[in-house]
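Structure file work.cif with mmCIF, C-alpha atoms:
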data_my_file
loop_
_atom_site.label_atom_id
_atom_site.label_comp_id
_atom_site.auth_asym_id
_atom_site.auth_seq_id
_atom_site.Cartn_x
_atom_site.Cartn_y
_atom_site.Cartn_z
CA MET Y 1 259.14 12.09 91.70
CA THR Y 2 258.51 15.80 91.11
CA THR Y 3 255.18 17.49 90.48
CA THR Y 4 254.52 18.94 87.04
CA PHE Y 5 255.05 22.56 88.04
CA ASP Y 6 257.75 21.98 90.62
CA LEU Y 7 260.46 24.66 90.42
CA SER Y 8 262.62 23.48 93.31
CA GLY Y 9 266.22 24.50 92.77
CA GLN Y 10 265.41 26.72 89.79
CA VAL Y 11 266.78 30.28 89.63
CA ILE Y 12 264.40 32.69 87.91
CA ALA Y 13 264.83 36.41 87.27
CA ILE Y 14 261.99 38.88 86.66
CA THR Y 15 262.25 42.41 85.29
CA GLY Y 16 259.74 45.05 86.36
CA ALA Y 17 259.21 43.14 89.61
CA SER Y 18 258.42 46.06 91.93
CA SER Y 19 254.71 46.11 91.08
CA GLY Y 20 251.97 44.61 88.91
CA PHE Y 21 252.51 41.30 87.16
CA GLY Y 22 256.17 41.02 88.15
CA HIS Y 23 255.40 41.57 91.83
CA HIS Y 24 252.78 38.79 91.71
CA PHE Y 25 254.88 36.44 89.58
CA ALA Y 26 257.69 36.54 92.13
CA GLY Y 27 255.43 35.15 94.83
CA THR Y 28 253.89 32.52 92.57
CA LEU Y 29 257.27 31.19 91.44
CA ALA Y 30 258.77 31.23 94.94
CA ALA Y 31 255.78 29.28 96.26
CA GLN Y 32 256.71 26.49 93.83
CA GLY Y 33 260.29 26.34 95.09
CA ALA Y 34 262.13 28.74 92.78
CA HIS Y 35 264.77 31.17 93.97
CA VAL Y 36 263.50 34.41 92.45
CA ILE Y 37 265.62 37.43 91.57
CA LEU Y 38 263.62 40.63 91.41
CA GLY Y 39 264.83 43.47 89.21
CA ALA Y 40 263.49 47.04 88.95
CA ARG Y 41 264.51 50.62 89.63
CA ARG Y 42 262.38 51.06 92.78
CA GLU Y 43 264.67 49.34 95.26
CA GLU Y 44 262.47 50.01 98.32
CA LYS Y 45 259.56 48.24 96.64
CA LEU Y 46 261.81 45.32 95.74
CA ALA Y 47 263.12 45.02 99.29
CA GLN Y 48 259.56 44.98 100.62
CA ARG Y 49 258.54 42.20 98.23
CA VAL Y 50 261.64 40.14 99.07
CA ALA Y 51 260.75 40.45 102.76
CA GLU Y 52 257.18 39.30 102.09
CA ILE Y 53 258.34 36.26 100.15
CA SER Y 54 260.96 35.39 102.77
CA GLU Y 55 258.39 35.60 105.56
CA THR Y 56 256.35 32.87 103.89
CA GLY Y 57 259.37 30.60 103.48
CA GLY Y 58 260.26 31.54 99.91
CA LYS Y 59 263.68 32.37 98.51
CA ALA Y 60 264.11 35.78 96.94
CA GLU Y 61 266.62 38.55 96.42
CA ALA Y 62 266.57 41.98 94.82
CA ILE Y 63 269.03 43.51 92.37
CA ALA Y 64 268.59 47.08 91.11
CA LEU Y 65 267.86 47.15 87.39
CA ASP Y 66 267.14 49.74 84.73
CA VAL Y 67 266.17 47.79 81.62
CA THR Y 68 266.85 50.81 79.38
CA ASP Y 69 270.52 50.84 80.43
CA ARG Y 70 272.74 48.11 78.98
CA THR Y 71 275.32 48.51 81.75
CA SER Y 72 272.62 47.99 84.37
CA ILE Y 73 271.34 44.86 82.58
CA GLU Y 74 274.85 43.42 82.40
CA ALA Y 75 275.47 44.10 86.09
CA PHE Y 76 272.13 42.47 86.98
CA LEU Y 77 272.84 39.32 84.99
CA ASP Y 78 276.47 39.09 86.09
CA ARG Y 79 275.49 39.30 89.74
CA ALA Y 80 272.87 36.57 89.24
CA PHE Y 81 275.36 34.24 87.55
CA GLU Y 82 278.12 35.01 90.05
CA ARG Y 83 275.84 34.16 92.99
CA HIS Y 84 274.15 31.08 91.54
CA GLY Y 85 276.29 29.89 88.65
CA ARG Y 86 273.28 29.86 86.35
CA LEU Y 87 269.95 31.46 85.56
CA ASP Y 88 267.34 28.93 84.51
CA CYS Y 89 264.66 31.35 83.38
CA MET Y 90 264.54 35.03 82.42
CA ILE Y 91 261.15 36.77 82.47
CA ASN Y 92 260.88 40.00 80.47
CA ASN Y 93 258.04 41.74 82.25
CA ALA Y 94 259.08 45.42 82.46
CA GLY Y 95 256.67 47.68 80.61
CA VAL Y 96 255.27 51.21 80.42
CA GLU Y 97 252.66 53.12 78.44
CA SER Y 98 252.34 56.79 77.51
CA GLY Y 99 248.69 57.43 78.29
CA ALA Y 100 245.75 57.58 75.92
CA LYS Y 101 247.51 58.77 72.77
CA THR Y 102 246.94 58.02 69.11
CA TYR Y 103 249.65 57.85 66.44
CA TYR Y 104 248.96 61.53 65.76
CA THR Y 105 249.08 62.78 69.36
CA THR Y 106 252.08 60.63 70.31
CA GLU Y 107 255.26 62.66 70.68
CA GLU Y 108 258.70 61.35 69.81
CA GLU Y 109 259.67 61.09 73.47
CA ASP Y 110 256.52 59.03 74.17
CA TRP Y 111 257.40 56.61 71.38
CA ASP Y 112 261.02 56.30 72.48
CA SER Y 113 260.12 55.70 76.13
CA VAL Y 114 257.59 52.96 75.38
CA LEU Y 115 259.51 51.19 72.63
CA ASP Y 116 262.81 51.38 74.53
CA THR Y 117 261.28 49.91 77.69
CA ASN Y 118 258.83 47.39 76.26
CA LEU Y 119 260.59 46.14 73.15
CA LYS Y 120 264.24 47.12 72.92
CA ALA Y 121 264.88 46.22 76.56
CA ALA Y 122 263.30 42.77 76.16
CA TRP Y 123 265.61 42.11 73.21
CA MET Y 124 268.68 43.42 75.03
CA VAL Y 125 267.96 41.43 78.21
CA SER Y 126 267.43 38.30 76.09
CA LYS Y 127 270.58 38.90 74.07
CA LEU Y 128 272.76 39.41 77.14
CA TYR Y 129 271.12 36.50 78.94
CA THR Y 130 271.88 34.22 75.98
CA ASP Y 131 275.48 35.42 75.96
CA ARG Y 132 275.88 34.36 79.59
CA VAL Y 133 274.15 31.01 79.08
CA VAL Y 134 276.70 30.30 76.34
CA THR Y 135 279.70 31.73 78.23
CA HIS Y 136 278.91 29.81 81.42
CA GLN Y 137 278.24 26.65 79.40
CA GLN Y 138 274.79 26.40 80.92
CA SER Y 139 272.94 23.40 79.48
CA GLY Y 140 270.07 25.57 78.26
CA GLY Y 141 267.75 28.36 79.21
CA ASN Y 142 264.23 29.71 79.18
CA ILE Y 143 262.97 33.16 78.19
CA ILE Y 144 259.41 34.27 78.91
CA MET Y 145 258.06 37.48 77.39
CA VAL Y 146 255.08 39.25 78.92
CA SER Y 147 253.23 40.54 75.88
CA SER Y 148 249.56 41.55 75.63
CA ILE Y 149 246.42 40.93 73.62
CA THR Y 150 246.89 44.49 72.36
CA SER Y 151 249.43 42.93 70.02
CA VAL Y 152 246.47 41.65 67.97
CA ARG Y 153 243.44 43.53 69.31
CA THR Y 154 243.52 47.12 70.44
CA ILE Y 155 241.45 50.27 70.84
CA LYS Y 156 242.11 53.91 70.02
CA GLY Y 157 244.70 55.53 72.22
CA GLN Y 158 247.06 52.59 72.71
CA PHE Y 159 249.34 53.34 69.77
CA SER Y 160 252.88 53.03 71.14
CA TYR Y 161 251.99 50.33 73.66
CA ALA Y 162 250.15 48.16 71.13
CA VAL Y 163 252.97 48.51 68.60
CA SER Y 164 255.54 47.52 71.22
CA LYS Y 165 253.57 44.44 72.26
CA GLY Y 166 252.99 43.46 68.63
CA GLY Y 167 256.74 43.58 68.19
CA MET Y 168 257.27 41.54 71.34
CA SER Y 169 254.96 38.74 70.21
CA ARG Y 170 256.66 38.61 66.83
CA MET Y 171 260.07 38.77 68.50
CA THR Y 172 259.09 35.74 70.60
CA GLU Y 173 258.44 33.72 67.46
CA VAL Y 174 261.62 34.77 65.64
CA MET Y 175 263.81 34.36 68.71
CA SER Y 176 262.47 30.86 69.29
CA LEU Y 177 263.87 29.84 65.91
CA GLU Y 178 267.26 31.37 66.59
CA ALA Y 179 267.62 30.43 70.27
CA ALA Y 180 266.98 26.73 69.78
CA LYS Y 181 270.62 26.14 68.82
CA TYR Y 182 271.56 27.24 72.36
CA ASN Y 183 268.84 25.02 73.86
CA ILE Y 184 266.96 28.12 74.97
CA ARG Y 185 263.16 28.13 74.78
CA VAL Y 186 261.31 31.41 74.13
CA ASN Y 187 257.60 31.76 74.82
CA ALA Y 188 255.22 34.55 75.77
CA LEU Y 189 252.23 35.25 77.97
CA ALA Y 190 249.70 37.63 76.42
CA PRO Y 191 247.39 38.83 79.19
CA GLY Y 192 244.11 40.52 78.45
CA TYR Y 193 242.92 43.37 80.66
CA PHE Y 194 244.08 43.18 84.28
CA LEU Y 195 244.16 46.12 86.70
CA THR Y 196 247.77 47.29 86.66
CA ASP Y 197 249.48 50.68 86.53
CA VAL Y 198 249.48 50.35 82.74
CA SER Y 199 245.73 49.68 82.39
CA ARG Y 200 244.44 51.77 85.29
CA LEU Y 201 243.56 54.77 83.11
CA LEU Y 202 241.10 52.66 81.11
CA LEU Y 203 239.79 50.28 83.77
CA GLU Y 204 239.01 53.02 86.28
CA SER Y 205 237.38 55.28 83.69
CA PRO Y 206 233.62 55.81 83.09
CA MET Y 207 233.83 53.57 80.00
CA ALA Y 208 235.11 50.57 81.98
CA GLU Y 209 231.71 48.97 82.56
CA GLU Y 210 230.80 49.01 78.88
CA PHE Y 211 234.29 47.83 77.94
CA ILE Y 212 234.06 44.82 80.28
CA ARG Y 213 230.75 43.79 78.74
CA ASN Y 214 232.69 43.03 75.55
CA ILE Y 215 234.73 40.38 77.38
CA PRO Y 216 232.88 37.03 77.09
CA MET Y 217 233.59 36.12 80.73
CA ARG Y 218 232.27 39.58 81.75
CA ARG Y 219 235.16 40.47 84.00
CA ILE Y 220 238.73 41.66 83.87
CA GLY Y 221 241.52 39.29 84.81
CA GLU Y 222 242.74 38.71 88.34
CA PHE Y 223 246.45 38.07 88.89
CA PRO Y 224 245.99 34.41 90.00
CA ASP Y 225 244.42 33.75 86.59
CA LEU Y 226 247.94 33.92 85.18
CA ASP Y 227 249.51 31.46 87.63
CA GLY Y 228 248.82 28.27 85.67
CA PRO Y 229 250.11 29.59 82.32
CA LEU Y 230 253.13 31.17 84.04
CA LEU Y 231 254.08 27.95 85.83
CA LEU Y 232 253.60 26.00 82.61
CA LEU Y 233 256.11 28.16 80.76
CA ALA Y 234 258.57 28.46 83.65
CA SER Y 235 258.71 24.73 84.38
CA ASP Y 236 259.72 21.60 82.50
CA ALA Y 237 256.03 21.01 81.82
CA SER Y 238 256.61 23.14 78.69
CA ARG Y 239 259.90 21.49 77.71
CA TYR Y 240 258.64 20.89 74.13
CA MET Y 241 257.18 24.39 73.74
CA THR Y 242 258.94 27.30 72.08
CA GLY Y 243 257.61 30.16 70.00
CA SER Y 244 254.19 29.97 71.68
CA VAL Y 245 252.17 33.03 72.68
CA ILE Y 246 249.63 32.01 75.34
CA VAL Y 247 246.61 34.30 75.56
CA VAL Y 248 244.89 34.72 78.95
CA ASP Y 249 242.04 37.14 78.39
CA GLY Y 250 238.64 35.68 79.30
CA GLY Y 251 237.87 35.16 75.63
CA HIS Y 252 238.33 38.82 74.69
CA ILE Y 253 240.13 38.10 71.42
CA CYS Y 254 237.40 35.69 70.35
CA ALA Y 255 234.79 38.40 70.86
CA SER Y 256 236.25 40.27 67.89
CA LEU Y 257 235.47 37.39 65.52
#

Let me see whether you can do it: turn the structure in this file into structure tokens.
Amino acid sequence: MTTTFDLSGQVIAITGASSGFGHHFAGTLAAQGAHVILGARREEKLAQRVAEISETGGKAEAIALDVTDRTSIEAFLDRAFERHGRLDCMINNAGVESGAKTYYTTEEEDWDSVLDTNLKAAWMVSKLYTDRVVTHQQSGGNIIMVSSITSVRTIKGQFSYAVSKGGMSRMTEVMSLEAAKYNIRVNALAPGYFLTDVSRLLLESPMAEEFIRNIPMRRIGEFPDLDGPLLLLASDASRYMTGSVIVVDGGHICASL
């Protein structure tokens, strides 16, 4: 008999795994028995994380990945399928922001960088992953998007990022309808404010203290706060879930009501 969140024997890939959420997710999933495949451009960071996971008895490997390059995505997925014969779960975590810019101060290159990385790449990874699930006659699959509460609640200066995450949450819902025929589930995590490279500008600014007071739980998130929701979506515990966007934000969205 297996435990609810047991991932023994599962192969799970994570984009943007060299730092932040992806870096943490890799350890969480490996601790539950998954073989994790870490993808990002910073290969030294990936190698370091693989070593850390291996030292604690986990199974991990790194494959260089640029999510804005279709050829790189294809090579990443092909290598995963060649080595393991399947890929049970694909986590679209890679993301960037362009600094504190409004719609008016955002330049075209800012928009392209954020939308290409956060939204277009998540679609392309999902599309190419689905193609391989079908081609390899895999019995089904699982796609997890890492969205954000900025998809529904934002502040000034998050224009491109908030738009990209709004698109990702909507994409999760639409894809869930279309992926069901391939027995692929599509769900999303929508974290609130956690200290990452993306949020550092805000959370280390003079306005951080006042900002945090608007969160009902009066604190920003800590990475382990995401472990339960992540393991729910990655495991068979969520086998009847698709199209869901799970918010983990200390009640921040509710505070706007």

Might you pull out every residue within 12 Å of segment 136-140 of chain Y, with only C-alpha atoms counted and same-chain residues fewer than 6 positions away left off, and present them as a VMD selection string?
-> chain Y and resid 77 to 78 80 to 82 84 to 90 129 to 130 179 to 186 236 239

Using C-alpha atoms, can you export the residues from the last selection as a PDB file, in the coordinates of the input?
ATOM      1  CA  LEU Y  77     272.840  39.320  84.990  1.00  0.00           C
ATOM      2  CA  ASP Y  78     276.470  39.090  86.090  1.00  0.00           C
ATOM      3  CA  ALA Y  80     272.870  36.570  89.240  1.00  0.00           C
ATOM      4  CA  PHE Y  81     275.360  34.240  87.550  1.00  0.00           C
ATOM      5  CA  GLU Y  82     278.120  35.010  90.050  1.00  0.00           C
ATOM      6  CA  HIS Y  84     274.150  31.080  91.540  1.00  0.00           C
ATOM      7  CA  GLY Y  85     276.290  29.890  88.650  1.00  0.00           C
ATOM      8  CA  ARG Y  86     273.280  29.860  86.350  1.00  0.00           C
ATOM      9  CA  LEU Y  87     269.950  31.460  85.560  1.00  0.00           C
ATOM     10  CA  ASP Y  88     267.340  28.930  84.510  1.00  0.00           C
ATOM     11  CA  CYS Y  89     264.660  31.350  83.380  1.00  0.00           C
ATOM     12  CA  MET Y  90     264.540  35.030  82.420  1.00  0.00           C
ATOM     13  CA  TYR Y 129     271.120  36.500  78.940  1.00  0.00           C
ATOM     14  CA  THR Y 130     271.880  34.220  75.980  1.00  0.00           C
ATOM     15  CA  ALA Y 179     267.620  30.430  70.270  1.00  0.00           C
ATOM     16  CA  ALA Y 180     266.980  26.730  69.780  1.00  0.00           C
ATOM     17  CA  LYS Y 181     270.620  26.140  68.820  1.00  0.00           C
ATOM     18  CA  TYR Y 182     271.560  27.240  72.360  1.00  0.00           C
ATOM     19  CA  ASN Y 183     268.840  25.020  73.860  1.00  0.00           C
ATOM     20  CA  ILE Y 184     266.960  28.120  74.970  1.00  0.00           C
ATOM     21  CA  ARG Y 185     263.160  28.130  74.780  1.00  0.00           C
ATOM     22  CA  VAL Y 186     261.310  31.410  74.130  1.00  0.00           C
ATOM     23  CA  ASP Y 236     259.720  21.600  82.500  1.00  0.00           C
ATOM     24  CA  ARG Y 239     259.900  21.490  77.710  1.00  0.00           C
TER      25      ARG Y 239
END

What is the distance between atom CA of Ser176 of chain Y and atom CA of Asp197 of chain Y, in Å to one decimal?
->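 Computing the Euclidean distance for atom CA of Ser176 of chain Y and atom CA of Asp197 of chain Y yields 29.3 Å.
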
Considering only C-alpha atoms, return as a PyMOL selection string whatever protein or nucleic-acid residues lie within 9 Å of Pro229 of chain Y, sequence-local ones (same chain, fewer than 5 positions apart) excluded.
-> chain Y and resi 189+234+246-248

Surrounding residues of Ala94 of chain Y excluding itself and chain neighbours under 6 positions, 7 Å, only C-alpha atoms, as a PyMOL selection string = chain Y and resi 15-16+117-118

Protein/DNA/RNA residues near (240.1, 45.8, 71.5), cut 10 Å, only C-alpha atoms, as a PyMOL selection string | chain Y and resi 149-156+158+192-193+211+214-215+252-253+255-256

Would you list the contacts of Thr56 of chain Y as a list in words, taking every protein, DNA or RNA residue within 10 Å and counting only C-alpha atoms, but skipping same-chain residues closer than 3 positions in sequence?
->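 The neighbour list is Gly27, Ala30, Ala31, Ala51, Glu52, Ile53 and Lys59 of chain Y.
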
Mind dumping the selected residues with C-alpha atoms as a compact mmCIF listing (two decimals), in the frame of the given file?
# COMPACT_ATOMS: atom_id res chain seq x y z
CA GLY Y 27 255.43 35.15 94.83
CA ALA Y 30 258.77 31.23 94.94
CA ALA Y 31 255.78 29.28 96.26
CA ALA Y 51 260.75 40.45 102.76
CA GLU Y 52 257.18 39.30 102.09
CA ILE Y 53 258.34 36.26 100.15
CA LYS Y 59 263.68 32.37 98.51

At what distance in Å, to one decimal, does atom CA of Leu202 of chain Y lie from atom CA of Leu29 of chain Y?
-> 28.8 Å

Contacts of Val146 of chain Y at 8 Å or less, counting only C-alpha atoms, minus same-chain residues fewer than 2 places along, as a PDB file with C-alpha atoms, in the coordinates of the input?
ATOM      1  CA  ILE Y  91     261.150  36.770  82.470  1.00  0.00           C
ATOM      2  CA  ASN Y  92     260.880  40.000  80.470  1.00  0.00           C
ATOM      3  CA  ASN Y  93     258.040  41.740  82.250  1.00  0.00           C
ATOM      4  CA  ILE Y 144     259.410  34.270  78.910  1.00  0.00           C
ATOM      5  CA  SER Y 148     249.560  41.550  75.630  1.00  0.00           C
ATOM      6  CA  ALA Y 188     255.220  34.550  75.770  1.00  0.00           C
ATOM      7  CA  LEU Y 189     252.230  35.250  77.970  1.00  0.00           C
ATOM      8  CA  ALA Y 190     249.700  37.630  76.420  1.00  0.00           C
ATOM      9  CA  PRO Y 191     247.390  38.830  79.190  1.00  0.00           C
TER      10      PRO Y 191
END

Check what the PyMOL selection byres ((chain Y and resi 223) around 8) selects in the file above and give those residues as a list in words.
->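 The output of the PyMOL selection byres ((chain Y and resi 223) around 8) on this file is Phe21, His24, Phe194, Gly221, Glu222, Pro224, Asp225, Leu226 and Asp227 of chain Y.
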
Could those selected residues go to a file with C-alpha atoms, as a tab-separated table (two decimals), keeping the file's coordinate frame?
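This went into again34.tsv:
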chain	number	residue	atom	x	y	z
Y	21	PHE	CA	252.51	41.30	87.16
Y	24	HIS	CA	252.78	38.79	91.71
Y	194	PHE	CA	244.08	43.18	84.28
Y	221	GLY	CA	241.52	39.29	84.81
Y	222	GLU	CA	242.74	38.71	88.34
Y	224	PRO	CA	245.99	34.41	90.00
Y	225	ASP	CA	244.42	33.75	86.59
Y	226	LEU	CA	247.94	33.92	85.18
Y	227	ASP	CA	249.51	31.46	87.63

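Remark: for Asp66 of chain Y, the closest of the candidate residues Y:Lys165, Y:Arg170, Y:Arg213, Y:Arg41 is Y:Arg41 (distances computed over only C-alpha atoms).
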
Determine the nearest neighbour of Lys127 of chain Y from the options Y:Gly167, Y:Gly157, Y:Ala60, Y:Ile73, counting all atoms listed in the file.
->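 Ranking Y:Gly167, Y:Gly157, Y:Ala60, Y:Ile73 by distance to Lys127 of chain Y, first place goes to Y:Ile73.
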
Hey, can you check how far atom CA of Lys120 of chain Y sits from atom CA of Ser164 of chain Y?
->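 That distance, rounded to one decimal, is 8.9 Å.
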
Run the PyMOL selection byres ((chain Y and resi 23) around 10) mentally over the shown coordinates, then write out the matched residues as number ranges by chain, using the chain letters and numbers from the document.
-> Y: 14-22, 24-28, 38-39, 45-46, 49-50, 93

As JSON: centre and edge lengths in Å, one decimal, of the axis-aligned box holding segment 6-24 of chain Y with 4 Å per side:
{"center_x": 259.4, "center_y": 34.0, "center_z": 89.3, "size_x": 22.8, "size_y": 32.1, "size_z": 16.0}

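Residue nearest Arg218 of chain Y, chosen from Y:Glu204, Y:Thr105, Y:Val125, Y:Asp249 and counting all atoms listed in the file: Y:Asp249.
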
Which residue out of Y:Asp116, Y:Glu210, Y:Glu108, Y:Glu55 has the minimum interatomic distance to Asp69 of chain Y when only C-alpha atoms are used?
-> Y:Asp116

Could N, CA and C atoms be built for segment 50-74 of chain Y and written out as a short mmCIF file (atom, residue, chain, number, x, y, z; two decimals), keeping the file's coordinate frame?
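The file below, out19.cif, is the result:
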data_model
loop_
_atom_site.label_atom_id
_atom_site.label_comp_id
_atom_site.auth_asym_id
_atom_site.auth_seq_id
_atom_site.Cartn_x
_atom_site.Cartn_y
_atom_site.Cartn_z
N VAL Y 50 260.72 41.20 98.64
CA VAL Y 50 261.64 40.14 99.07
C VAL Y 50 261.33 39.74 100.51
N ALA Y 51 261.07 40.72 101.35
CA ALA Y 51 260.75 40.45 102.76
C ALA Y 51 259.45 39.65 102.87
N GLU Y 52 258.46 40.00 102.07
CA GLU Y 52 257.18 39.30 102.09
C GLU Y 52 257.34 37.84 101.68
N ILE Y 53 258.12 37.62 100.63
CA ILE Y 53 258.34 36.26 100.15
C ILE Y 53 259.12 35.45 101.18
N SER Y 54 260.13 36.08 101.77
CA SER Y 54 260.96 35.39 102.77
C SER Y 54 260.15 35.01 104.00
N GLU Y 55 259.22 35.87 104.39
CA GLU Y 55 258.39 35.60 105.56
C GLU Y 55 257.50 34.37 105.39
N THR Y 56 257.19 34.04 104.16
CA THR Y 56 256.35 32.87 103.89
C THR Y 56 257.18 31.65 103.51
N GLY Y 57 258.50 31.73 103.72
CA GLY Y 57 259.37 30.60 103.48
C GLY Y 57 259.96 30.52 102.09
N GLY Y 58 259.73 31.54 101.27
CA GLY Y 58 260.26 31.54 99.91
C GLY Y 58 261.68 32.08 99.86
N LYS Y 59 262.32 31.89 98.71
CA LYS Y 59 263.68 32.37 98.51
C LYS Y 59 263.67 33.47 97.46
N ALA Y 60 264.15 34.65 97.85
CA ALA Y 60 264.11 35.78 96.94
C ALA Y 60 265.24 36.75 97.26
N GLU Y 61 265.64 37.49 96.25
CA GLU Y 61 266.62 38.55 96.42
C GLU Y 61 266.31 39.65 95.42
N ALA Y 62 266.81 40.84 95.69
CA ALA Y 62 266.57 41.98 94.82
C ALA Y 62 267.89 42.51 94.27
N ILE Y 63 267.87 42.88 93.00
CA ILE Y 63 269.03 43.51 92.37
C ILE Y 63 268.50 44.70 91.57
N ALA Y 64 269.03 45.88 91.83
CA ALA Y 64 268.59 47.08 91.11
C ALA Y 64 268.78 46.88 89.61
N LEU Y 65 267.80 47.35 88.84
CA LEU Y 65 267.86 47.15 87.39
C LEU Y 65 267.09 48.24 86.66
N ASP Y 66 267.77 48.83 85.68
CA ASP Y 66 267.14 49.74 84.73
C ASP Y 66 267.25 49.07 83.37
N VAL Y 67 266.13 48.57 82.85
CA VAL Y 67 266.17 47.79 81.62
C VAL Y 67 266.50 48.62 80.38
N THR Y 68 266.49 49.96 80.52
CA THR Y 68 266.85 50.81 79.38
C THR Y 68 268.34 51.14 79.36
N ASP Y 69 269.08 50.57 80.31
CA ASP Y 69 270.52 50.84 80.43
C ASP Y 69 271.28 49.53 80.31
N ARG Y 70 272.03 49.37 79.22
CA ARG Y 70 272.74 48.11 78.98
C ARG Y 70 273.70 47.77 80.12
N THR Y 71 274.38 48.75 80.65
CA THR Y 71 275.32 48.51 81.75
C THR Y 71 274.59 47.94 82.97
N SER Y 72 273.41 48.47 83.24
CA SER Y 72 272.62 47.99 84.37
C SER Y 72 272.16 46.54 84.14
N ILE Y 73 271.76 46.23 82.91
CA ILE Y 73 271.34 44.86 82.58
C ILE Y 73 272.51 43.90 82.77
N GLU Y 74 273.67 44.29 82.28
CA GLU Y 74 274.85 43.42 82.40
C GLU Y 74 275.20 43.18 83.86
#
